[in-house]
Every structure is written in structure tokens, then in C-alpha cells.
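> Here you go, one structure.
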Number of protein chains: 2
Amino acid sequence: MVVSSSTIDLLVKALPHGRVITDPDVMDSYARDRTFLDPGAPLGVVLAAGRDDVVETMRWATEHRVPVVPRGAGTGLAGGATATEGSVVLSLARMAEIRELSPADEIAVVEPGVITADLDAAAREHGLMYAPDPSSYEISTIGGNLATNAGGLRCVKYGVTRDSALGLEVVLADGRILNTGRRTVKGVTGYDLTGLFVGSEGTLGVITAATVRLRRAPLTAPATIAAEFGSLRDAASAVSAIIAAGCQPSLLELLDRATLKAIDDWRNIGLEPSVAAMLIAQSDAADGADAARRMHDLCVEHGASFVAVSDSPAETEGLIGIRRMAYPAKERLGSCLVEDVCVPRSALPDMMTAIEAASARHDVLICTVAHAGDGNLHPVFVFDHGVPEPPKQVWDAADEVFRAALDLGGTLTGEHGVGLLKRRWLELESGPLTRDLQAGIKGVFDPLGILNPGKAI
Amino acid sequence: MVVSSSTIDLLVKALPHGRVITDPDVMDSYARDRTFLDPGAPLGVVLAAGRDDVVETMRWATEHRVPVVPRGAGTGLAGGATATEGSVVLSLARMAEIRELSPADEIAVVEPGVITADLDAAAREHGLMYAPDPSSYEISTIGGNLATNAGGLRCVKYGVTRDSALGLEVVLADGRILNTGRRTVKGVTGYDLTGLFVGSEGTLGVITAATVRLRRAPLTAPATIAAEFGSLRDAASAVSAIIAAGCQPSLLELLDRATLKAIDDWRNIGLEPSVAAMLIAQSDAADGADAARRMHDLCVEHGASFVAVSDSPAETEGLIGIRRMAYPAKERLGSCLVEDVCVPRSALPDMMTAIEAASARHDVLICTVAHAGDGNLHPVFVFDHGVPEPPKQVWDAADEVFRAALDLGGTLTGEHGVGLLKRRWLELESGPLTRDLQAGIKGVFDPLGILNPGKAI
């Protein structure tokens, strides 16, 4: 690879004026995601305004063998968009047009820079919704959601981003344009390339448009419950009981005491000393009030000390607001290593116990929230703000948590992706045959290996 | 490729006694699917009793460069399991064990030969269901459903087979065993290999086990309506209205007059001369009776001459039974070329009109049923039983139908797969870049090209 300052100049000349940033201070903010990871220094940052800019950038990158790191809003939690030394960062954030929204077909065609919440809001004007709602949905982009196959709070009922992606427009490593999938809700013409790109973290191509499925928004306000437990295991058991009873919640979130305490210290939610865990559940079904009542009873049966039930939108928003405070509250305590293990739902109590054990053994503060209905847990390992890298005991505790998840039949990442952070554990889950096949697929789409090298696989 | 009778003898010796059939008369029934296509003569048919037989067969096939045609129950409608000359047919039908059914995790681990309806029945003992229900679900296998990404009647609400597949055990072309996916409902570790195998029609590997998602079975009997229309276009408009009104049917099927007449001629359903189309819709939601009432009203608004509403299981079964008679009723009339176009839902009326026009222009009997809620239509082109191949006017009419579907933003196949039958139109939809990339992926998994050659891509 021969890259000189004149190489980036060729890209600056090839693109319309103002598209490429080379000022190191400005570049730095485009080189990071929301992890603590220190990026390498990129050659430049492209602020693509349209597909032609992406095509031009990829042609240039292929010609000069320059690595390209695609990014949306940079809200990732696994280092998938962390710039590597000598790369070009390709920001899709300015490509933010909703090209089409068809209520009759219940689809939208969107550019990758559209903020997830903006698409949802546009859909709601027609009685529809865009279901995937990662916790970052007010600041993250559809392109980033597609790259990581993002989940969210509602996916316990409505599925992950993959389940809403029907077709993609992709610029390949050499600048060619590929259209995958379709506008129809079903289709099986050839291999599922759409599914291959979703979750591939920008290593196979650059998504420049997506046809996504919209769903009917519920007609009534959801019914919500919040239950407090004196034991984390009891709360996890209540989750299993709610699923097994067929309550079909549209949201089922579990917060441990460490998380609740971080929120209480910040915003004073009146946390009682006896509360070890809180469960927040919601049903948006037509019989939601009935489902909430059943979830209430199951929480009481499983030892809840207090359960609130509400169908008032204001109260509901307050309860969901507590959940949404979880991550910012932890960021106040220190730097955060955010993990994303997912286990079979019945293993949730054991996984919670394993996290508590790892916290005690390695003397590391771990605050856990879980999309409990999916068995998807986010143990957040907190360490000193001043330290550039997580100290050894944090990695040791994380290692213990990952191995416990795999032992319980789980996976390393439910919805954040592998990025850079989870690569060291990848082979534990996938093994060498999977690695070789994935490398083979990568070679088909990106034979020069210039697309987000070192990420995901 | 050097294949002699001694080559197949080596396979006979490598496998336990009785696993390989070489009697031509017996082989013939394993060489066909449900299409009219004449197969080539296979060297032998392997009746695999377990994964080891599959591994042994693939090792032998790789060593001797023999094409392998995997098959389930042979209910396919696109020629995906049609034997090719000199191939070995690998039947998975005897691998029919439900290895595990976990109500707590809402998953099952099944072998490929399990009949779809059997898995559903096993799940229902625990209040669960296996949602995908292709019309052939009482005779087709999970393995075949996975190979074609089968849809069905319920998929308007519950999604296609892909949406229920969490992980796979696959024997690769060279006999190595690959495990994809997971037991959890979410996961994004590496590329989505599970999704790549689903719908690949046996061209990338042989599925020997699948971890599938089960769903809660509805607690109440579904509410069903059947509406008769004097115009096919009116019926199609009612479909669009039902979707747009957010009724969320769990089944929404449209039958045209030619189909109804075929059923009436066979079983006398009292078809009135004025009926041009029938719509059958169902809601299994908690407020299903209310949804059925709204669907009733929308049908009346859109010109229905008669609408029956029922929540009696016996009456419901009778109405769904009419739908299930559609294909056997047509097979009585002649040989059938069954097509499977899928269009955006709003294009359903135009697609129906295009099918009627093609029927008239080419003087071909086309009977159409549609999974109308998905925009997925099955126009069945009927021709003389005595003719080995569809006559030219049938292909011309089919060509017109395919082109109309693509013009309307649709796809060649919603749920049956490409097989052999649709390959001649494949490039119209996919183009050369997609073809090249798919060939590249094929090369990663099956570099010798021995897995179901000539199918799907």
C-alpha cells in the first residue's frame, strides 16, 4: 500500500468541493464511536452527500488500495466504526432523505443517514411505525442499525433490524452498484444477499439506500407495569414466567441494583434500599390491559415487593424514561465497556448469577440492563474515567462473562456487533471453519480487503 | 467426471446395508418433485438415516465428483429436487426426529425429514406453534421448507420460514460439518450464514438439523370471514383496504373464479354464476371478532355480494378446507405449471388484471389463488395431462405474467424457489452483477460445483 498526501488530494479533487475533511482536529470526532477505543489517524473524512460520492470514493480507494471505514452517527458500542491508521472515513450521515414512504405497501425507501426516530415519526403520520428501536434510536442512523443488525426494546415483539430490511442498494468495494432484495414482503430469488449485508458492519459494501418494512402502529396506548424485586434471580424468574405464560409483551426490560443506583444517584428516583432489581414490561396489544394484569400477577407470584400498573401515557413515558437513563447514568460513573451477551431465555437467571459472580471475583463494578424477553443482557463494566484502556481485571471479568454466556448456549453479541471489541472471543463461539467460510465470502465482495478491515469477522 | 457403476458400488459399500437404492423403477419416484419435469437418471438414491450417512455421501461425492441432489418429501413446485443425469439423490426424509422441544426457550431442534405439520402438532402440546405452514405442510418436510424458504397461509402475520430459523447444522460439499446461528432469538456474531442457507435450494450444503423458533399459539379460536365478489378487481381492492386499515389478519387468501370452478366441479361448493372471486380472511388476535367485523365491513364497502363471518371451529375448518382444495382441484384438470409471483401489496389488483389479460391473449387456462395479504400470487397454468412439456402458449403466457410482476416492482418467486423452472427468467430480475456474486458465494461453499448443480442461481 502506497499512500501519500497526494493520494488523498486526488480524492479531494475527484469529489465536489467541501466533501473531504483533512483537518486532524475535525477528523478526530469522525474517527471514534461511543467506545473508549483510540482510533488510528485517518487520511481524510468523506462527508458523502449522495451515492455518486460513495461510488467515487470506493473507486479511488480501490485504485489506491486505501482502507475505507463507513460510519453513520458513530453511536456504536463495539468499535465497528473506529478509524484505522491510514484509512478514509466515509460518513453517510448527510445522506438523510426518506426517498419514499408508501402506506399502501407498508414500506419506506430511505438513505442510510436517516435517524431511526425520524423514520418512525414519519411512519406514524400514516398510522405506521418503524419497529426497530435501539436505545440510541434518537441519535443513531438506519445505516448504522443495518450494519450491526440493531435490536432494541420493541424487538421482543417485532424482531430486529434484519426483520424489517427488504432490500438494499449497496456500493461495492470497487464502486459497482448492487441492488439486493425487493419491495415485496416475501421473495426467494437467489441467495439472501440482503441478509448477508445486514450485520456485516460495513465489511462487504456500503449501504446507500434501504427498502424497509413498516408495521401498523398500535391503535391504543400501551399498558405498562414496573415491578420491584428483592432478588435479581426472582426478577429473572418472573421474566421466564411471563414469556412462558404467553403474555407477549412488546417490551420487557430488567435493571439490576447497580444500574438503578446509578440512575438514582443522578436523578433521584426514590430507590429503596431493599430493591435488587426492577422489571419494566409493556403490552401494546388490543388486550394489553389484560396482559398487563397477568404480568402483574406473575411478578407478585415470583416475589415482587411492589408492582405499579399504568396505561397513562405520561406515567408510561416516565417508566420507560428510567430505562433510557440507564446508559448515560453509568457514563457518569466512569468509562464503560458495554457488553451484549444473549442467552436462551430460560438461562437468564443463571446468566445474571454468573455476572454477579464475575463482578465479585474480579472486584469490578458491573451494572446490567437486559432486554430480558430476548435473553439479551448488557453488562456494563465501569472503570476510571482517567484510564485510557480497561484495566486487566475488567478484561478478566468480561472474559468470564463471555465464557459463561457461551456455556449457557448463548452468543457474544445480540445486537451491537463484533466490531473491534469482541474479536478476541470470536473464535470461541464460531470456530475455524466458520472463520474460513466468512473470509471466503468477504473475498467475493471485497477481494482487496479495503472495506473496514479488521472488523466483525 | 468419471462415473462408472463401480463408483456407486463404492458408496454402497461405504454406507450401512440398505441405504442406497439403485433399482431404476424405485429410483424414479425419488427423482421427481411435484412438477411435470422429467428427471435425468440418477446413479443411486441414498436414504440417509443420520448425519453420518450424509457425511459419508458427501465425502464420496467430492472424491468422485458426483453431483448430489438433496431432497425432502419431493413436494416442491419449481424443480429444485429434480434429479439430474448421473447424480446421486440424497433423501433426508428418514431423518425425522424432533431432537428437542424446549417450551421455556420456545425453540425446537429438528432433523430435516420432520413433517412440518408434525412439528406444529408437537409444539401445540405445549401451547406453542410452528408458524410456517406452506399449503403442503401435512406432507412437506422442514428441510424442504428451509431449502425454499417456504411461506404459507399464516405468514401474512408470522413471516416465512427464514423468520423461524435460528441455527442450522449443515454438511458441506466435502463432508465437513458446519454449525450456523444459535439457540437465542437474537445474535449478530459474524455474517448471517443461517440466512444464506435458507432458500439456497441445497446448492450450498445439506441441512441435517435446524434450531427453529416456536411461537405462542393463539389462546382463542380464530374468527374467519369468507366474502364473495362479482369482480376480481373489487376483491383485490378489499385486500388493500384490509391491510391499510390495520386489521392484521393471520390469513388472507384470494381465489379467482377459475379456481373456484375447479373446486366446485370436484366437490360441489354451490358456486353461484355471479361469483368472480372469493376472499377468505382470518384473525387469531385477542380482538379477532372485532377484526373480523371490520374486515366484513370493508369487503361490503368494496362490493362484496355476500360475506359470512364465523368463529365456529367446524365452519372455519370448512372455509379453510375450500382453500386447501385449490391445488388438487386444478391437478384434476390437467398438468400444472404453478407460478409464484409476488408484488407490492398495492399492485395486487393490477397483477390480477395482467394475469387475466395473459390468459385471454394466449388462450391458456390460468387458475389463480393468492396469499393476498403478502401480494403473493400462484397463477396455475393448466395444460393437457397427456403432454410431457407445457406447450408454447403456456410459456408465452407465463413469460407475460413474470414480466408484469417485475414491471409492478415484484419478484419471480415469493416462496417456491427458482429450482429449474424459473431460471430462464432469473436474469431479468437479478442482473449479471448479482449472478456473479452468487456464483462467487457458491464457489466458497461448493468449489467443485457438485451440490444440486443447475438449480436456484
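Labels for the C-alpha cells follow display order: chains A, B, ..., residues from 1 in each chain, ligands from 1.
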Which residues come within 7 Å of Ala276 in chain B, counting only C-alpha atoms, excluding same-chain residues fewer than 3 positions away, as an MDAnalysis selection string?
chainID B and resid 229:232 256:257
> Which residues are close to Leu166 in chain B, i.e. within 9 Å by only C-alpha atoms, leaving aside same-chain residues fewer than 2 positions away? Reply as number ranges by chain.
B: 107, 162-164, 168, 180-186, 194-195, 210-213
> Give me the residues near range 339-345 of chain A as a list in words, where near means some atom within 6 Å (using only C-alpha atoms) and where sequence neighbours in that chain fewer than 6 positions away do not count.
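The residues that qualify are Gly375, Asn376, Leu377, His378, Pro379, Gly410, Thr411, Leu412, Thr413 and Gly414 of chain A; Asp105 and Thr184 of chain B.
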> Write down as a list in words the residues belonging to range 149-187 of chain A that are assigned alpha helix (DSSP H) by DSSP computed on the backbone.
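Those residues are Cys155, Val156, Lys157 and Tyr158 of chain A.
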> Using N, CA and C atoms, can you export the residues from the last selection as a PDB file, in the first residue's frame?

ATOM      1  N   CYS A 155     -38.008  -5.137  20.120  1.00  0.00           N
ATOM      2  CA  CYS A 155     -37.755  -6.311  19.261  1.00  0.00           C
ATOM      3  C   CYS A 155     -38.190  -7.604  19.919  1.00  0.00           C
ATOM      4  N   VAL A 156     -38.488  -7.591  21.221  1.00  0.00           N
ATOM      5  CA  VAL A 156     -39.052  -8.787  21.841  1.00  0.00           C
ATOM      6  C   VAL A 156     -40.358  -9.172  21.147  1.00  0.00           C
ATOM      7  N   LYS A 157     -41.040  -8.197  20.594  1.00  0.00           N
ATOM      8  CA  LYS A 157     -42.272  -8.496  19.859  1.00  0.00           C
ATOM      9  C   LYS A 157     -42.106  -8.377  18.342  1.00  0.00           C
ATOM     10  N   TYR A 158     -41.309  -7.391  17.891  1.00  0.00           N
ATOM     11  CA  TYR A 158     -41.303  -7.061  16.464  1.00  0.00           C
ATOM     12  C   TYR A 158     -40.048  -7.474  15.700  1.00  0.00           C
TER      13      TYR A 158
END
> Check the smallest atom-to-atom distance from each of A:Leu193, A:Leu128, A:Leu92, A:Val387 to Ala245 in chain B using only C-alpha atoms, then report the winner.
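Closest residue, counting only C-alpha atoms: A:Leu128.
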> So the first atom is CA of Gly419 in chain B and the second is CA of Ala354 in chain B; what is the distance between them in Å, to one decimal place?
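Computing it gives 24.2 Å between the two atoms.
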> Excluding Ala286 in chain A and residues on its chain fewer than 6 positions from it, collect all residues at most 9 Å away from it, counting only C-alpha atoms, and give them as a list of chain:residue names.
A:Pro218, A:Leu219, A:Thr220, A:Pro222, B:Ala285, B:Ala286, B:Asp287
> So which residues touch Ala150 in chain A within 10 Å, counting only C-alpha atoms, skipping near sequence neighbours fewer than 3 positions away, as an NGL selection string?
(:A and (76 or 132-137 or 142 or 144-147 or 155 or 159-162 or 198-199 or 414-417)) or (:B and (186-188))
> Quick one: everything within 10 Å of Leu255 in chain A, counting only C-alpha atoms, minus sequence neighbours fewer than 6 positions away in the same chain. Send it as an MDAnalysis selection string.
chainID A and resid 228 232 235 261 276:280 322:323 326 367:372 377:378
> So that I have them on file, write out the residues from the current selection with all heavy atoms, as a compact mmCIF listing (two decimals), in the first residue's frame.

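After the write, result_10.txt holds the following:
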# COMPACT_ATOMS: atom_id res chain seq x y z
N GLU A 228 -40.76 -4.15 41.37
CA GLU A 228 -39.51 -4.16 42.13
C GLU A 228 -39.35 -5.51 42.83
O GLU A 228 -40.31 -6.06 43.37
CB GLU A 228 -39.53 -3.03 43.17
CG GLU A 228 -39.51 -1.66 42.52
CD GLU A 228 -39.67 -0.52 43.52
OE1 GLU A 228 -39.90 -0.81 44.73
OE2 GLU A 228 -39.57 0.64 43.11
N LEU A 232 -32.42 -10.45 42.36
CA LEU A 232 -32.27 -10.41 40.91
C LEU A 232 -32.77 -11.71 40.27
O LEU A 232 -33.40 -11.71 39.21
CB LEU A 232 -30.78 -10.21 40.60
CG LEU A 232 -30.36 -9.91 39.17
CD1 LEU A 232 -31.11 -8.71 38.61
CD2 LEU A 232 -28.86 -9.66 39.11
N ALA A 235 -36.48 -11.74 39.88
CA ALA A 235 -36.90 -10.92 38.74
C ALA A 235 -36.70 -11.69 37.43
O ALA A 235 -37.57 -11.69 36.54
CB ALA A 235 -36.12 -9.61 38.71
N LYS A 261 -29.09 2.17 41.04
CA LYS A 261 -28.39 3.10 41.95
C LYS A 261 -27.73 4.22 41.15
O LYS A 261 -27.77 5.39 41.55
CB LYS A 261 -27.35 2.33 42.76
CG LYS A 261 -26.67 3.21 43.80
CD LYS A 261 -26.06 2.45 44.94
CE LYS A 261 -25.50 3.43 45.98
NZ LYS A 261 -24.89 4.64 45.42
N ALA A 276 -33.49 -4.92 44.64
CA ALA A 276 -32.33 -5.51 43.96
C ALA A 276 -32.49 -5.49 42.44
O ALA A 276 -31.50 -5.63 41.72
CB ALA A 276 -32.13 -6.95 44.42
N ALA A 277 -33.71 -5.33 41.98
CA ALA A 277 -33.94 -5.35 40.53
C ALA A 277 -35.30 -4.76 40.21
O ALA A 277 -36.22 -4.82 41.04
CB ALA A 277 -33.87 -6.78 40.00
N MET A 278 -35.41 -4.19 39.03
CA MET A 278 -36.69 -3.67 38.55
C MET A 278 -36.98 -4.27 37.17
O MET A 278 -36.08 -4.39 36.34
CB MET A 278 -36.67 -2.15 38.45
CG MET A 278 -37.99 -1.56 37.95
SD MET A 278 -37.91 0.23 37.66
CE MET A 278 -38.08 0.83 39.33
N LEU A 279 -38.23 -4.63 37.01
CA LEU A 279 -38.68 -5.16 35.73
C LEU A 279 -39.68 -4.15 35.16
O LEU A 279 -40.61 -3.74 35.86
CB LEU A 279 -39.35 -6.50 35.97
CG LEU A 279 -39.49 -7.48 34.82
CD1 LEU A 279 -38.13 -7.88 34.27
CD2 LEU A 279 -40.22 -8.73 35.31
N ILE A 280 -39.49 -3.76 33.92
CA ILE A 280 -40.46 -2.90 33.24
C ILE A 280 -41.00 -3.68 32.04
O ILE A 280 -40.23 -4.19 31.23
CB ILE A 280 -39.81 -1.58 32.76
CG1 ILE A 280 -39.17 -0.84 33.94
CG2 ILE A 280 -40.84 -0.69 32.07
CD1 ILE A 280 -38.38 0.40 33.54
N ILE A 322 -36.95 5.92 32.82
CA ILE A 322 -35.97 5.33 33.75
C ILE A 322 -35.04 4.39 32.99
O ILE A 322 -33.82 4.44 33.14
CB ILE A 322 -36.70 4.58 34.89
CG1 ILE A 322 -37.44 5.58 35.78
CG2 ILE A 322 -35.71 3.76 35.72
CD1 ILE A 322 -38.25 4.93 36.90
N ARG A 323 -35.62 3.55 32.15
CA ARG A 323 -34.81 2.63 31.37
C ARG A 323 -33.85 3.38 30.45
O ARG A 323 -32.69 3.01 30.31
CB ARG A 323 -35.73 1.70 30.56
CG ARG A 323 -35.07 0.90 29.48
CD ARG A 323 -34.04 -0.07 30.03
NE ARG A 323 -33.32 -0.80 28.98
CZ ARG A 323 -32.27 -0.33 28.33
NH1 ARG A 323 -31.77 0.87 28.60
NH2 ARG A 323 -31.68 -1.06 27.40
N ALA A 326 -30.48 4.60 31.74
CA ALA A 326 -29.51 3.63 32.26
C ALA A 326 -28.10 3.90 31.74
O ALA A 326 -27.15 3.96 32.53
CB ALA A 326 -29.96 2.21 31.92
N CYS A 367 -22.79 -2.99 35.96
CA CYS A 367 -24.21 -2.59 36.01
C CYS A 367 -24.89 -3.26 34.81
O CYS A 367 -24.45 -3.08 33.68
CB CYS A 367 -24.37 -1.08 35.86
SG CYS A 367 -23.34 -0.10 36.95
N THR A 368 -25.96 -3.99 35.08
CA THR A 368 -26.58 -4.75 33.99
C THR A 368 -28.01 -4.30 33.72
O THR A 368 -28.82 -4.20 34.64
CB THR A 368 -26.58 -6.26 34.31
OG1 THR A 368 -25.23 -6.68 34.51
CG2 THR A 368 -27.20 -7.07 33.19
N VAL A 369 -28.29 -4.03 32.46
CA VAL A 369 -29.68 -3.95 32.00
C VAL A 369 -29.85 -5.07 30.97
O VAL A 369 -28.89 -5.47 30.32
CB VAL A 369 -30.04 -2.61 31.34
CG1 VAL A 369 -30.02 -1.48 32.35
CG2 VAL A 369 -29.14 -2.31 30.16
N ALA A 370 -31.07 -5.56 30.88
CA ALA A 370 -31.31 -6.65 29.94
C ALA A 370 -32.59 -6.41 29.17
O ALA A 370 -33.59 -5.97 29.73
CB ALA A 370 -31.41 -7.98 30.69
N HIS A 371 -32.52 -6.65 27.83
CA HIS A 371 -33.74 -6.85 27.06
C HIS A 371 -34.16 -8.27 27.44
O HIS A 371 -33.90 -9.25 26.72
CB HIS A 371 -33.47 -6.74 25.57
CG HIS A 371 -32.83 -5.43 25.17
ND1 HIS A 371 -33.35 -4.21 25.54
CD2 HIS A 371 -31.72 -5.16 24.43
CE1 HIS A 371 -32.59 -3.25 25.03
NE2 HIS A 371 -31.60 -3.80 24.36
N ALA A 372 -34.78 -8.38 28.60
CA ALA A 372 -34.91 -9.67 29.26
C ALA A 372 -35.75 -10.66 28.45
O ALA A 372 -35.49 -11.86 28.45
CB ALA A 372 -35.50 -9.48 30.65
N LEU A 377 -28.52 -9.46 27.41
CA LEU A 377 -28.08 -8.67 28.56
C LEU A 377 -26.97 -7.71 28.17
O LEU A 377 -26.08 -8.05 27.39
CB LEU A 377 -27.54 -9.59 29.66
CG LEU A 377 -28.49 -10.66 30.20
CD1 LEU A 377 -28.24 -11.99 29.52
CD2 LEU A 377 -28.33 -10.82 31.70
N HIS A 378 -27.02 -6.52 28.76
CA HIS A 378 -25.94 -5.56 28.59
C HIS A 378 -25.24 -5.34 29.93
O HIS A 378 -25.57 -4.40 30.66
CB HIS A 378 -26.47 -4.22 28.07
CG HIS A 378 -27.06 -4.32 26.69
ND1 HIS A 378 -26.41 -4.93 25.65
CD2 HIS A 378 -28.24 -3.90 26.19
CE1 HIS A 378 -27.16 -4.87 24.57
NE2 HIS A 378 -28.29 -4.27 24.87
> Can you work out which one of B:Leu37, B:Leu406, B:Ala104, B:Ala93 has the shortest atom-to-atom distance to chain A, counting only C-alpha atoms?
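Using only C-alpha atoms, chain A sits closest to B:Ala104.
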> Based on the backbone DSSP call, show me all residues of range 18-232 of chain A assigned strand (DSSP E), as number ranges by chain.
A: 20-21, 44-47, 68-71, 88-91, 98-102, 107-110, 128-129, 165-171, 177-181, 206-213, 215-216, 223-229
> Identify, on the basis of only C-alpha atoms, every residue whose closest approach to Gly270 in chain B does not exceed 10 Å; exclude the query and any residue fewer than 6 positions from it along the same chain; express the result as a list in words.
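Near Gly270 in chain B, the qualifying residues are Leu260, Lys261, Ile263 and Asp264 of chain B.
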> When you draw a straight line from CA of Leu408 in chain B to CA of Asn149 in chain B, how long is it in Å?
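Spanning CA of Leu408 in chain B to CA of Asn149 in chain B is a straight-line distance of 22.6 Å.
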> Please indicate the distance in Å from CA of Leu196 in chain A to CA of Tyr191 in chain B, rounded to one decimal place.
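Going from CA of Leu196 in chain A over to CA of Tyr191 in chain B covers 6.0 Å.
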> Restricting the calculation to only C-alpha atoms: of B:Arg32, B:Arg361, B:Arg435, B:Arg267, which residue gets closest to chain A?
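Among B:Arg32, B:Arg361, B:Arg435, B:Arg267, it is B:Arg435 that comes nearest to chain A.
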> B:Gly18, B:Gly386, B:Gly72, B:Gly443: which is nearest Val206 in chain B, counting only C-alpha atoms?
B:Gly72
